[in-house]
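Before any comments, here is the structure.
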Amino acid sequence: MQFTDTLPTPPDDALSHCNQLIHQIKSEIEQQTDGNGISFRRFMEMALYEPALGYYVAGMRKIGASGDFTTAPEISSLFSQCLANQCKEVLQHLDNASILELGAGSGIMAVDILKRLEHLNCLPEFYYILDISPELKQRQKASLQRHIPHLLKKVIWLDQLPKEGFTGVIVGNEVLDAMPIDWFSIKDNQIFNQHVIWKNDYFAIHPVPAKKTLQQQVEQLKIATFPDSASQQVDYSSELNPNLSAWFNSVNQCLQQGVVLLIDYGYSRKEYYLPERTMGTLLCHYQHRCHNEVLIYPGLQDITASVDFTAVAEAASDTGMEVMGFSNQATFLAASGLEALFMQALQDDPQQQYKLAQQVRTLSLPAEMGERFKVIATAKDFSYPLSGFSLGDQRHRL
Ligand SMILES: C[S@@+](CC[C@H](N)C(=O)[O-])C[C@H]1O[C@@H](n2cnc3c(N)ncnc32)[C@H](O)[C@@H]1O
């Protein structure tokens with residue numbers, strides 16, 4: 001991924017799609033009579049999820065070489081095979097257990113997990129997929145049909161989380177980072193909520209004094225991270241996800257017994273809100289370019305924020321779930337059998353040596369995905385240790 005300030009111009013049909021969404025967002029801004037426009041969270045929600053137009057719900061290709069970004073399961077099946085090893089450990093302790101994948105992207109992770117579990121003779125009862133994107137659902141179906149037609153009967157697509165009674169593993173790679181966040185700023189010790197207005201034919205950021213709830217949420221971060229906040233001179237902006245608790249509540253409600261395994265880029269709270277990270281973590285992805293112009297090309301580019309894993313752990317604990325492990329991706333994969341899987345793949349196809357070694361490097365090196373990506377596991381009514389965290393459990397950092 002290239003960090004850049006120059007982007008390729010989108011083709012005409014994409015621009016026309018984008019203009020429709022701009023028009024819709026602009027109308028919503030104009031309906032606000034106080035002149036404060038809409039919150040950035042609402043802007044991000046519309047940019048990513050507005051029915052028929054948002055980035056994740058419209059028909060454009062997002063993931064993979066011809067899309068905007070790539071992810072670990074797209075880089076190497078070794079990633080998903082490691083996850084499958086971890087899933088197996090959980091499944092074999094439970095009766096009639098299934099897997100539920102959140103945000104399954106192109107479907108390749110489902111393919112590789114199911115293939116590996118079949119090889120291990122430990123297929124789940126069902127493999128459920130919950131994805132918000134109609135385009136990606138179609139891609140997932142095509143991918144599963146192409147690679148594992150004989151296992152298609154195991155796969156069920158859902159439109160929402162089951163209300164209750166799910167037993168097994170709930171897994172999600174890079175799903176939390178796509179949730180709309182509150183973007184706040186701190187100036188002269190006052191907390192603002194970043195809003196979006198329409199000005200001189202463009203969207204513009206318009207800080208509005210934060211309401212009580214956001215103020216309290218940010219103050220809590222300040223207590224933890226800026227004991228010396230009175231002397232803090234620089235303007236500071238960052239993000240928080242106000243919906244995490246509600247989201248975890250519904251996950252907890254759906255889960256009767258088992259483990260939730262979430263992988264994403266992010267930090268513990270202490271690292272997330274470092275005083276020197278004065279511009280937060282918001283990023284956009286367009287055609288494998290990474291930049292921070294969040295207001296341009298709504299509907300055409302991905303907008304993401306890193307994950308505060310301390311907030312994830314707190315949200316899970318508040319529901320009564322137990323946090324079973326926290327680790328960086330490199331350590332988790334190493335503990336989940338990456339080396340043995342690599343050796344096996346090499347033995348199966350020695351010609352692939354360079355390619356496989358490159359994949360392992362990308363997944364594991366600290367400067368690539370190894371350190372920036374983290375894995376967290378939470379559990380309900382499940383107390384067996386998880387091997388994925390046996391080489392380095394960093395819950396103390398949360
Ligand atoms: C960054 S992609 C990651 C895809 C895939 N997990 C991977 O690693 O390649 C985010 C995925 O989450 C899905 N998604 C976003 N918000 C969601 C939500 N609220 N519920 C379920 N899926 C969601 C998107 O449609 C997309 O498939």
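Chain identifiers are assigned as A, B, and so on, following the order in which chains appear in the structure tokens; residues are numbered from 1 within each chain, and ligands are numbered from 1 in order of appearance.
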**Message:** Please identify the strand (DSSP E) residues within segment 64-255 of chain A (assignment by DSSP from backbone atoms) and present them as a ChimeraX atom specification.
**Reply:** /A:98-102,127-130,155-158,166-173,182-187,190-199,202-209,236-240,255
Set the cut-off to 8 Å, count only C-alpha atoms and all ligand atoms, and list whatever residues fall near ligand 1 as a PDB file with C-alpha atoms, in the first residue's frame.
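And here's selection05.pdb as it stands now:
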ATOM      1  CA  TYR A  49     -23.322   2.271   4.157  1.00  0.00           C
ATOM      2  CA  TYR A  56     -19.773  -1.203   1.226  1.00  0.00           C
ATOM      3  CA  VAL A  57     -23.268  -1.583  -0.200  1.00  0.00           C
ATOM      4  CA  ILE A  63     -10.935  -5.974  -2.028  1.00  0.00           C
ATOM      5  CA  THR A  70      -5.957  -6.093   0.267  1.00  0.00           C
ATOM      6  CA  THR A  71      -6.286  -8.076   3.475  1.00  0.00           C
ATOM      7  CA  ALA A  72      -4.492 -10.969   5.184  1.00  0.00           C
ATOM      8  CA  PRO A  73      -6.810 -13.726   3.843  1.00  0.00           C
ATOM      9  CA  GLU A  74      -6.294 -12.322   0.335  1.00  0.00           C
ATOM     10  CA  LEU A 102     -18.604 -11.377  10.162  1.00  0.00           C
ATOM     11  CA  GLY A 103     -17.782  -9.295   7.076  1.00  0.00           C
ATOM     12  CA  ALA A 104     -16.488 -12.095   4.860  1.00  0.00           C
ATOM     13  CA  GLY A 105     -15.124  -9.907   2.048  1.00  0.00           C
ATOM     14  CA  SER A 106     -14.451 -11.927  -1.093  1.00  0.00           C
ATOM     15  CA  GLY A 107     -15.239 -15.198   0.731  1.00  0.00           C
ATOM     16  CA  ILE A 108     -11.690 -16.503   0.452  1.00  0.00           C
ATOM     17  CA  MET A 109     -11.236 -16.826   4.209  1.00  0.00           C
ATOM     18  CA  LEU A 130     -23.049 -12.128   7.917  1.00  0.00           C
ATOM     19  CA  ASP A 131     -22.124  -9.355   5.520  1.00  0.00           C
ATOM     20  CA  ILE A 132     -23.707  -6.015   4.895  1.00  0.00           C
ATOM     21  CA  SER A 133     -22.638  -5.816   1.247  1.00  0.00           C
ATOM     22  CA  PRO A 134     -24.914  -7.355  -1.430  1.00  0.00           C
ATOM     23  CA  LEU A 136     -19.669  -9.044  -1.631  1.00  0.00           C
ATOM     24  CA  GLN A 160     -28.449 -10.075  10.905  1.00  0.00           C
ATOM     25  CA  GLY A 172     -14.103 -11.313  11.957  1.00  0.00           C
ATOM     26  CA  ASN A 173     -11.083  -9.992  10.120  1.00  0.00           C
ATOM     27  CA  GLU A 174     -10.979  -6.229   9.542  1.00  0.00           C
ATOM     28  CA  VAL A 175     -14.601  -5.624  10.423  1.00  0.00           C
ATOM     29  CA  LEU A 176     -14.296  -3.353  13.461  1.00  0.00           C
ATOM     30  CA  ASP A 177     -12.186  -0.806  11.583  1.00  0.00           C
ATOM     31  CA  ALA A 178     -15.076  -0.208   9.185  1.00  0.00           C
ATOM     32  CA  MET A 179     -17.484   0.958  11.913  1.00  0.00           C
TER      33      MET A 179
END
**Request:** Identify, on the basis of only C-alpha atoms, every residue whose closest approach to Glu125 of chain A does not exceed 8 Å; exclude the query and any residue fewer than 5 positions from it along the same chain; express the result as number ranges by chain.
**Result:** A: 96-99, 154
**Shell around Phe79 of chain A at 9 Å using only C-alpha atoms, local window under 3 positions removed, as a ChimeraX atom specification** = /A:72-76,82-84,109,112,333,338,360,363
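The neighbours of Pro207 of chain A here are the residues that come within 9 Å of it, using only C-alpha atoms and leaving out any residue fewer than 3 positions away in the same chain; they are Asn36, Phe184, Ser185, Phe192, Asn193, Gln194, His195, Val196 and Ala210 of chain A.
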How would the residues just chosen look if you wrote them out with all heavy atoms as a compact mmCIF listing (two decimals), in the first residue's frame?
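Contents of the output file part19.txt:
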# COMPACT_ATOMS: atom_id res chain seq x y z
N ASN A 36 -24.77 23.62 11.70
CA ASN A 36 -23.65 22.77 12.13
C ASN A 36 -23.51 21.50 11.29
O ASN A 36 -22.70 20.63 11.61
CB ASN A 36 -23.82 22.36 13.60
CG ASN A 36 -23.47 23.51 14.53
OD1 ASN A 36 -22.68 24.37 14.15
ND2 ASN A 36 -24.06 23.54 15.71
N PHE A 184 -13.22 13.40 17.23
CA PHE A 184 -13.22 14.55 18.14
C PHE A 184 -11.90 15.31 18.01
O PHE A 184 -10.90 14.78 17.52
CB PHE A 184 -13.45 14.11 19.59
CG PHE A 184 -12.38 13.19 20.14
CD1 PHE A 184 -11.22 13.70 20.70
CD2 PHE A 184 -12.53 11.81 20.08
CE1 PHE A 184 -10.22 12.86 21.20
CE2 PHE A 184 -11.55 10.97 20.58
CZ PHE A 184 -10.39 11.50 21.14
N SER A 185 -11.94 16.56 18.46
CA SER A 185 -10.69 17.32 18.52
C SER A 185 -10.64 18.04 19.86
O SER A 185 -11.67 18.28 20.50
CB SER A 185 -10.59 18.30 17.35
OG SER A 185 -11.64 19.21 17.40
N PHE A 192 -14.24 19.12 21.01
CA PHE A 192 -15.16 19.38 19.89
C PHE A 192 -15.51 18.06 19.20
O PHE A 192 -14.70 17.13 19.17
CB PHE A 192 -14.51 20.30 18.85
CG PHE A 192 -14.23 21.68 19.39
CD1 PHE A 192 -13.02 21.95 20.04
CD2 PHE A 192 -15.16 22.70 19.26
CE1 PHE A 192 -12.76 23.20 20.55
CE2 PHE A 192 -14.90 23.97 19.76
CZ PHE A 192 -13.71 24.22 20.41
N ASN A 193 -16.70 18.05 18.62
CA ASN A 193 -17.08 16.94 17.75
C ASN A 193 -16.91 17.45 16.32
O ASN A 193 -17.46 18.50 15.97
CB ASN A 193 -18.55 16.58 18.03
CG ASN A 193 -18.95 15.27 17.36
OD1 ASN A 193 -18.15 14.66 16.66
ND2 ASN A 193 -20.19 14.86 17.58
N GLN A 194 -16.15 16.73 15.49
CA GLN A 194 -15.96 17.19 14.12
C GLN A 194 -17.26 16.95 13.35
O GLN A 194 -17.73 15.82 13.25
CB GLN A 194 -14.82 16.42 13.44
CG GLN A 194 -13.50 16.43 14.17
CD GLN A 194 -12.83 17.79 14.18
OE1 GLN A 194 -13.35 18.73 14.76
NE2 GLN A 194 -11.67 17.90 13.57
N HIS A 195 -17.81 18.03 12.82
CA HIS A 195 -19.00 17.92 11.96
C HIS A 195 -18.59 18.20 10.52
O HIS A 195 -17.47 18.66 10.26
CB HIS A 195 -20.06 18.94 12.41
CG HIS A 195 -20.92 18.42 13.51
ND1 HIS A 195 -22.28 18.56 13.53
CD2 HIS A 195 -20.60 17.74 14.64
CE1 HIS A 195 -22.78 18.00 14.62
NE2 HIS A 195 -21.78 17.50 15.32
N VAL A 196 -19.50 17.89 9.62
CA VAL A 196 -19.23 18.14 8.19
C VAL A 196 -20.28 19.10 7.67
O VAL A 196 -21.49 18.89 7.87
CB VAL A 196 -19.27 16.81 7.40
CG1 VAL A 196 -19.03 17.07 5.92
CG2 VAL A 196 -18.23 15.82 7.94
N ALA A 210 -18.44 19.60 21.87
CA ALA A 210 -18.99 18.25 22.07
C ALA A 210 -20.13 18.25 23.07
O ALA A 210 -20.09 18.99 24.07
CB ALA A 210 -17.88 17.33 22.56
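Reported to one decimal place, the separation of atom CA of Ala305 of chain A from atom CA of Leu48 of chain A is 12.8 Å.
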**Item:** Ser237 of chain A surroundings by only C-alpha atoms, 8 Å radius, close-in-sequence under 2 positions cut, as a PyMOL selection string
**Value:** chain A and resi 183-186+235+239+278-280
Mind dumping the selected residues with N, CA and C atoms as a CSV table (one decimal), in the first residue's frame?
chain,number,residue,atom,x,y,z
A,183,TRP,N,-15.4,11.5,15.6
A,183,TRP,CA,-14.1,12.1,15.4
A,183,TRP,C,-14.1,13.4,16.2
A,184,PHE,N,-13.2,13.4,17.2
A,184,PHE,CA,-13.2,14.6,18.1
A,184,PHE,C,-11.9,15.3,18.0
A,185,SER,N,-11.9,16.6,18.5
A,185,SER,CA,-10.7,17.3,18.5
A,185,SER,C,-10.6,18.0,19.9
A,186,ILE,N,-9.4,18.4,20.3
A,186,ILE,CA,-9.2,19.1,21.5
A,186,ILE,C,-8.4,20.3,21.2
A,235,ASP,N,-3.1,21.2,19.1
A,235,ASP,CA,-4.4,20.7,18.8
A,235,ASP,C,-4.3,19.2,18.6
A,239,GLU,N,-10.2,9.5,17.4
A,239,GLU,CA,-11.6,9.0,17.2
A,239,GLU,C,-11.9,8.0,18.4
A,278,THR,N,-1.2,13.1,17.2
A,278,THR,CA,-2.1,14.3,17.3
A,278,THR,C,-3.1,14.3,16.2
A,279,MET,N,-3.0,13.4,15.2
A,279,MET,CA,-4.0,13.5,14.1
A,279,MET,C,-4.8,12.2,14.0
A,280,GLY,N,-4.8,11.4,15.1
A,280,GLY,CA,-5.6,10.2,15.1
A,280,GLY,C,-5.2,9.2,14.1
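Residues in contact with Asp302 of chain A at 7 Å, where only C-alpha atoms are counted and same-chain residues fewer than 5 positions away are skipped, are listed as Tyr55, Cys284, His285 and Tyr286 of chain A.
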Got time to write the residues from that selection, N, CA, C and O atoms, as a CSV table (one decimal), in the first residue's frame?
chain,number,residue,atom,x,y,z
A,55,TYR,N,-20.1,2.9,0.1
A,55,TYR,CA,-18.9,2.2,-0.3
A,55,TYR,C,-19.2,0.6,-0.2
A,55,TYR,O,-18.9,-0.1,-1.1
A,284,CYS,N,-8.0,6.6,4.5
A,284,CYS,CA,-8.8,6.2,3.3
A,284,CYS,C,-8.0,5.3,2.4
A,284,CYS,O,-6.8,5.5,2.3
A,285,HIS,N,-8.7,4.4,1.8
A,285,HIS,CA,-8.0,3.5,0.8
A,285,HIS,C,-8.7,3.7,-0.6
A,285,HIS,O,-10.0,3.5,-0.6
A,286,TYR,N,-8.0,4.0,-1.6
A,286,TYR,CA,-8.6,4.1,-2.9
A,286,TYR,C,-7.5,3.6,-3.9
A,286,TYR,O,-6.4,4.1,-4.0
**Complete:** Students should find that atom CA of Val155 of chain A and atom CA of Gln257 of chain A are spaced 20.0 Å
**Prompt:** Quick one, how far is atom CA of Ala311 of chain A from atom CA of Met324 of chain A?
**Reply:** 15.0 Å
